[in-house]
Structure formats: C-alpha cells, structure tokens
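A.B. asks: My structure file target_38.csv, CSV, N, CA and C atoms, is below:
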```csv
chain,number,residue,atom,x,y,z
A,1,MET,N,51.5,132.6,62.0
A,1,MET,CA,51.1,132.5,63.3
A,1,MET,C,51.8,131.4,64.1
A,2,ASP,N,52.5,130.5,63.4
A,2,ASP,CA,53.2,129.5,64.1
A,2,ASP,C,54.3,130.0,65.0
A,3,ASN,N,54.9,131.1,64.6
A,3,ASN,CA,56.0,131.8,65.4
A,3,ASN,C,55.4,132.2,66.8
A,4,ILE,N,54.2,132.7,66.8
A,4,ILE,CA,53.6,133.2,68.0
A,4,ILE,C,53.4,132.1,69.0
A,5,LYS,N,53.0,130.9,68.6
A,5,LYS,CA,52.8,129.8,69.5
A,5,LYS,C,54.1,129.4,70.1
A,6,ARG,N,55.3,129.6,69.5
A,6,ARG,CA,56.5,129.1,70.0
A,6,ARG,C,57.3,130.2,70.8
A,7,MET,N,56.7,131.3,71.0
A,7,MET,CA,57.4,132.4,71.7
A,7,MET,C,57.2,132.3,73.2
A,8,PRO,N,58.2,131.9,73.9
A,8,PRO,CA,58.1,131.7,75.4
A,8,PRO,C,58.3,133.0,76.2
A,9,ASN,N,58.9,134.1,75.5
A,9,ASN,CA,59.2,135.3,76.2
A,9,ASN,C,58.0,136.2,76.4
A,10,VAL,N,57.9,136.8,77.6
A,10,VAL,CA,56.8,137.7,77.9
A,10,VAL,C,57.4,139.0,78.3
A,11,LEU,N,56.9,140.1,77.8
A,11,LEU,CA,57.3,141.4,78.2
A,11,LEU,C,56.2,142.1,78.9
A,12,THR,N,56.4,142.6,80.1
A,12,THR,CA,55.4,143.4,80.8
A,12,THR,C,55.8,144.8,80.8
A,13,VAL,N,54.8,145.7,80.3
A,13,VAL,CA,55.1,147.1,80.3
A,13,VAL,C,54.0,147.9,80.9
A,14,ARG,N,54.3,148.8,81.8
A,14,ARG,CA,53.3,149.7,82.4
A,14,ARG,C,53.1,150.9,81.5
A,15,LEU,N,51.8,151.1,81.2
A,15,LEU,CA,51.4,152.2,80.3
A,15,LEU,C,50.3,153.0,81.0
A,16,PRO,N,50.3,154.3,80.7
A,16,PRO,CA,49.2,155.1,81.2
A,16,PRO,C,48.0,154.6,80.4
A,17,SER,N,46.8,154.7,81.0
A,17,SER,CA,45.6,154.2,80.4
A,17,SER,C,45.3,155.0,79.1
A,18,SER,N,45.7,156.2,79.0
A,18,SER,CA,45.5,157.0,77.7
A,18,SER,C,46.3,156.4,76.6
A,19,LEU,N,47.5,156.0,76.8
A,19,LEU,CA,48.4,155.4,75.8
A,19,LEU,C,47.8,154.1,75.4
A,20,LEU,N,47.4,153.3,76.4
A,20,LEU,CA,46.9,152.0,76.1
A,20,LEU,C,45.6,152.0,75.2
A,21,ALA,N,44.8,153.0,75.5
A,21,ALA,CA,43.6,153.2,74.7
A,21,ALA,C,44.0,153.6,73.3
A,22,LYS,N,45.0,154.4,73.1
A,22,LYS,CA,45.5,154.7,71.7
A,22,LYS,C,46.0,153.5,71.0
A,23,VAL,N,46.8,152.7,71.7
A,23,VAL,CA,47.3,151.5,71.1
A,23,VAL,C,46.2,150.5,70.7
A,24,ASP,N,45.2,150.4,71.6
A,24,ASP,CA,44.1,149.5,71.3
A,24,ASP,C,43.3,150.0,70.1
A,25,ARG,N,43.1,151.3,70.0
A,25,ARG,CA,42.4,151.9,68.8
A,25,ARG,C,43.1,151.7,67.6
A,26,LYS,N,44.4,151.9,67.6
A,26,LYS,CA,45.3,151.7,66.4
A,26,LYS,C,45.3,150.2,66.0
A,27,ALA,N,45.4,149.3,66.9
A,27,ALA,CA,45.4,147.9,66.6
A,27,ALA,C,44.1,147.5,66.0
A,28,ALA,N,43.0,148.0,66.6
A,28,ALA,CA,41.7,147.6,66.1
A,28,ALA,C,41.5,148.2,64.7
A,29,ALA,N,42.0,149.4,64.4
A,29,ALA,CA,41.8,150.0,63.1
A,29,ALA,C,42.6,149.1,62.0
A,30,LEU,N,43.7,148.5,62.5
A,30,LEU,CA,44.5,147.7,61.6
A,30,LEU,C,44.0,146.2,61.6
A,31,GLY,N,43.0,145.9,62.4
A,31,GLY,CA,42.5,144.5,62.4
A,31,GLY,C,43.5,143.6,63.1
A,32,ARG,N,44.2,144.1,64.1
A,32,ARG,CA,45.2,143.2,64.8
A,32,ARG,C,44.8,143.2,66.3
A,33,ALA,N,45.3,142.1,66.9
A,33,ALA,CA,45.2,142.1,68.4
A,33,ALA,C,46.2,143.0,69.0
A,34,ARG,N,46.0,143.4,70.2
A,34,ARG,CA,47.0,144.4,70.8
A,34,ARG,C,48.4,143.8,70.8
A,35,ALA,N,48.6,142.5,71.2
A,35,ALA,CA,49.9,142.0,71.3
A,35,ALA,C,50.5,141.9,70.0
A,36,GLU,N,49.8,141.5,69.0
A,36,GLU,CA,50.3,141.4,67.6
A,36,GLU,C,50.8,142.8,67.1
A,37,HIS,N,49.9,143.8,67.4
A,37,HIS,CA,50.3,145.2,67.0
A,37,HIS,C,51.6,145.7,67.6
A,38,VAL,N,51.6,145.5,69.0
A,38,VAL,CA,52.8,145.9,69.7
A,38,VAL,C,54.1,145.2,69.2
A,39,ARG,N,53.9,143.9,69.0
A,39,ARG,CA,55.1,143.1,68.5
A,39,ARG,C,55.5,143.6,67.1
A,40,GLN,N,54.6,143.9,66.2
A,40,GLN,CA,55.0,144.4,64.9
A,40,GLN,C,55.6,145.8,64.9
A,41,VAL,N,55.1,146.6,65.8
A,41,VAL,CA,55.7,148.0,66.0
A,41,VAL,C,57.1,147.8,66.5
A,42,LEU,N,57.3,147.0,67.5
A,42,LEU,CA,58.7,146.8,68.0
A,42,LEU,C,59.6,146.2,67.0
A,43,GLU,N,59.1,145.2,66.2
A,43,GLU,CA,60.0,144.6,65.1
A,43,GLU,C,60.3,145.7,64.1
A,44,ALA,N,59.4,146.5,63.7
A,44,ALA,CA,59.7,147.6,62.7
A,44,ALA,C,60.7,148.6,63.3
A,45,ASP,N,60.5,148.9,64.6
A,45,ASP,CA,61.4,149.9,65.2
A,45,ASP,C,62.9,149.4,65.2
A,46,VAL,N,63.0,148.1,65.6
A,46,VAL,CA,64.3,147.5,65.7
A,46,VAL,C,64.9,147.4,64.3
A,47,ALA,N,64.1,147.0,63.3
A,47,ALA,CA,64.7,146.8,62.0
A,47,ALA,C,65.1,148.2,61.4
A,48,ALA,N,64.3,149.2,61.7
A,48,ALA,CA,64.6,150.6,61.2
A,48,ALA,C,65.9,151.1,61.8
A,49,SER,N,66.1,150.9,63.1
A,49,SER,CA,67.3,151.4,63.7
A,49,SER,C,68.5,150.6,63.3
A,50,ALA,N,68.4,149.3,63.0
A,50,ALA,CA,69.5,148.5,62.5
A,50,ALA,C,69.9,148.9,61.1
A,51,ALA,N,68.9,149.4,60.3
A,51,ALA,CA,69.1,149.7,58.9
A,51,ALA,C,69.8,151.1,58.8
A,52,LYS,N,69.6,152.0,59.7
A,52,LYS,CA,70.1,153.3,59.6
A,52,LYS,C,71.6,153.3,59.7
A,53,SER,N,72.3,154.2,58.9
A,53,SER,CA,73.7,154.3,59.0
A,53,SER,C,74.1,154.8,60.4
A,54,LYS,N,75.2,154.4,60.9
A,54,LYS,CA,75.7,154.9,62.2
A,54,LYS,C,76.1,156.3,62.0
A,55,ARG,N,75.5,157.1,62.9
A,55,ARG,CA,75.9,158.6,62.9
A,55,ARG,C,76.9,158.8,64.0
A,56,PHE,N,77.4,160.1,63.9
A,56,PHE,CA,78.4,160.5,64.9
A,56,PHE,C,77.9,160.3,66.3
A,57,VAL,N,78.6,159.6,67.2
A,57,VAL,CA,78.0,159.3,68.5
A,57,VAL,C,78.6,160.2,69.6
A,58,CYS,N,79.8,160.6,69.5
A,58,CYS,CA,80.4,161.4,70.5
A,58,CYS,C,80.1,162.9,70.4
A,59,LEU,N,79.0,163.3,71.0
A,59,LEU,CA,78.4,164.7,70.8
A,59,LEU,C,79.4,165.7,71.4
A,60,SER,N,80.2,165.4,72.3
A,60,SER,CA,81.1,166.4,72.9
A,60,SER,C,82.2,166.8,71.9
A,61,LEU,N,82.5,165.9,70.9
A,61,LEU,CA,83.5,166.2,69.9
A,61,LEU,C,82.8,166.6,68.5
A,62,LYS,N,81.6,166.4,68.4
A,62,LYS,CA,80.9,166.7,67.1
A,62,LYS,C,81.1,168.2,66.7
A,63,GLY,N,81.6,168.4,65.5
A,63,GLY,CA,81.7,169.8,65.0
A,63,GLY,C,83.0,170.5,65.5
A,64,ARG,N,83.8,169.9,66.3
A,64,ARG,CA,85.0,170.5,66.8
A,64,ARG,C,86.2,170.4,65.9
A,65,TYR,N,86.2,169.4,65.0
A,65,TYR,CA,87.3,169.2,64.1
A,65,TYR,C,86.8,169.2,62.7
A,66,ALA,N,87.3,170.2,61.9
A,66,ALA,CA,87.0,170.3,60.5
A,66,ALA,C,87.9,169.3,59.8
A,67,LEU,N,87.4,168.2,59.3
A,67,LEU,CA,88.2,167.3,58.6
A,67,LEU,C,88.0,167.3,57.1
A,68,GLY,N,87.2,168.3,56.6
A,68,GLY,CA,87.0,168.5,55.2
A,68,GLY,C,85.9,167.7,54.6
A,69,ARG,N,85.7,166.5,55.0
A,69,ARG,CA,84.6,165.7,54.5
A,69,ARG,C,83.8,165.2,55.7
A,70,GLY,N,82.7,164.5,55.4
A,70,GLY,CA,81.9,164.0,56.5
A,70,GLY,C,82.7,163.4,57.6
A,71,SER,N,82.4,163.8,58.8
A,71,SER,CA,83.2,163.2,60.0
A,71,SER,C,82.4,162.2,60.7
A,72,ASP,N,83.0,161.0,60.8
A,72,ASP,CA,82.3,160.0,61.6
A,72,ASP,C,83.3,159.7,62.8
A,73,ASN,N,82.9,158.8,63.7
A,73,ASN,CA,83.7,158.5,64.8
A,73,ASN,C,85.1,158.1,64.5
A,74,ALA,N,85.2,157.2,63.5
A,74,ALA,CA,86.5,156.7,63.2
A,74,ALA,C,87.4,157.8,62.6
A,75,ALA,N,86.9,158.7,61.7
A,75,ALA,CA,87.7,159.7,61.2
A,75,ALA,C,88.2,160.7,62.2
A,76,VAL,N,87.3,161.0,63.2
A,76,VAL,CA,87.7,161.9,64.3
A,76,VAL,C,88.8,161.3,65.1
A,77,ARG,N,88.6,160.0,65.4
A,77,ARG,CA,89.7,159.3,66.2
A,77,ARG,C,91.0,159.3,65.5
A,78,ARG,N,91.0,159.0,64.2
A,78,ARG,CA,92.2,159.0,63.4
A,78,ARG,C,92.9,160.4,63.4
A,79,ALA,N,92.1,161.5,63.2
A,79,ALA,CA,92.6,162.8,63.2
A,79,ALA,C,93.2,163.2,64.6
A,80,LEU,N,92.5,162.8,65.7
A,80,LEU,CA,93.0,163.1,67.0
A,80,LEU,C,94.3,162.3,67.3
A,81,ALA,N,94.4,161.1,66.9
A,81,ALA,CA,95.6,160.3,67.1
A,81,ALA,C,96.7,160.9,66.3
A,82,ARG,N,96.4,161.3,65.0
A,82,ARG,CA,97.5,161.9,64.2
A,82,ARG,C,98.0,163.2,64.8
A,83,ARG,N,97.1,164.0,65.3
A,83,ARG,CA,97.5,165.3,65.9
A,83,ARG,C,98.2,165.1,67.2
A,84,ALA,N,97.8,164.1,68.0
A,84,ALA,CA,98.5,163.8,69.2
A,84,ALA,C,99.9,163.3,68.9
A,85,TYR,N,100.1,162.5,67.9
A,85,TYR,CA,101.4,162.0,67.5
A,85,TYR,C,102.3,163.1,67.0
A,86,GLU,N,101.7,164.0,66.2
A,86,GLU,CA,102.5,165.1,65.7
A,86,GLU,C,103.0,166.1,66.8
A,87,GLU,N,102.1,166.3,67.8
A,87,GLU,CA,102.4,167.2,68.9
A,87,GLU,C,103.5,166.6,69.8
A,88,ASN,N,103.5,165.3,69.9
A,88,ASN,CA,104.4,164.7,70.9
A,88,ASN,C,105.7,164.1,70.2
A,89,ARG,N,106.0,164.5,69.0
A,89,ARG,CA,107.2,163.9,68.4
A,89,ARG,C,108.4,164.6,68.9
```
Here is the file; what I need is its structure written in the form of structure tokens.
C.D. replies:
Amino acid sequence: MDNIKRMPNVLTVRLPSSLLAKVDRKAAALGRARAEHVRQVLEADVAASAAKSKRFVCLSLKGRYALGRGSDNAAVRRALARRAYEENR
C-alpha cells in the first residue's frame, strides 16, 4: 500500500451508472476498494497486452502474400522489397 500513497497521478473517467455499479459490485466481491480494483484491472490489461506476441498489424496486406510460413510485418516487408527489386532490375 506504500505505492498508493506515493501516486500523484489522477485519472478521471466518465462511466455510465450501470457500468459503475458493476465495477463497484465486482470490487466489493473481491474485497477491494473501487480505485484499487480499477488500478489492478488496468495493470493486468497492460501487462497482458505487453506479453502477447506482436501480430500482423497491416490488415490491408494480411493474407495477400503467401510466404509459405507464418507471415509477420517484417516478413511481408522483406518479400515486398524483394519483389519490387526484382521487378525493377
């Protein structure tokens, strides 16, 4: 709880009353204060998204190039550069 006392940052979020009631019920069921519950949910969400492997981001190119093995952004960029080089030789 020492970390909480040293946190100067405040986040204000507008929520519908129905969502706030659900958050309050969930926090109470877990024995947490609302702020503690929201902070822990945010921390878990950020940690989970950081832990996930990066997926293909450019949806306009996804599936357009059969590279034979899993295609990520870097592989597609290399294939496109290689094809552009070969076409312009």
A.B. asks: Atom C of A:Val76 to atom N of A:Asn88: how many Å, to one decimal?
C.D. replies: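 The value is 16.0 Å.
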A.B. asks: Quick check, in Å to one decimal: how far apart do atom C of A:Arg89 and atom C of A:Asn73 lie?
C.D. replies: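 Taking atom C of A:Arg89 and atom C of A:Asn73, their separation equals 24.6 Å.
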A.B. asks: Using only C-alpha atoms, which residue out of A:Ala33, A:Ala75, A:Val23, A:Arg39 lies closest to A:Met7?
C.D. replies: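 The closest residue to A:Met7 is A:Arg39.
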A.B. asks: Do you know which residues are at most 8 Å from A:His37 counting all atoms listed in the file, after dropping those on the same chain fewer than 6 positions away, and could you put them as a PyMOL selection string?
C.D. replies: chain A and resi 23+26-28+31+43
A.B. asks: Can you tell me how far atom N of A:Thr12 sits from atom CA of A:Ala35, in Å to one decimal?
C.D. replies: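 Separating atom N of A:Thr12 from atom CA of A:Ala35 is a distance of 11.0 Å.
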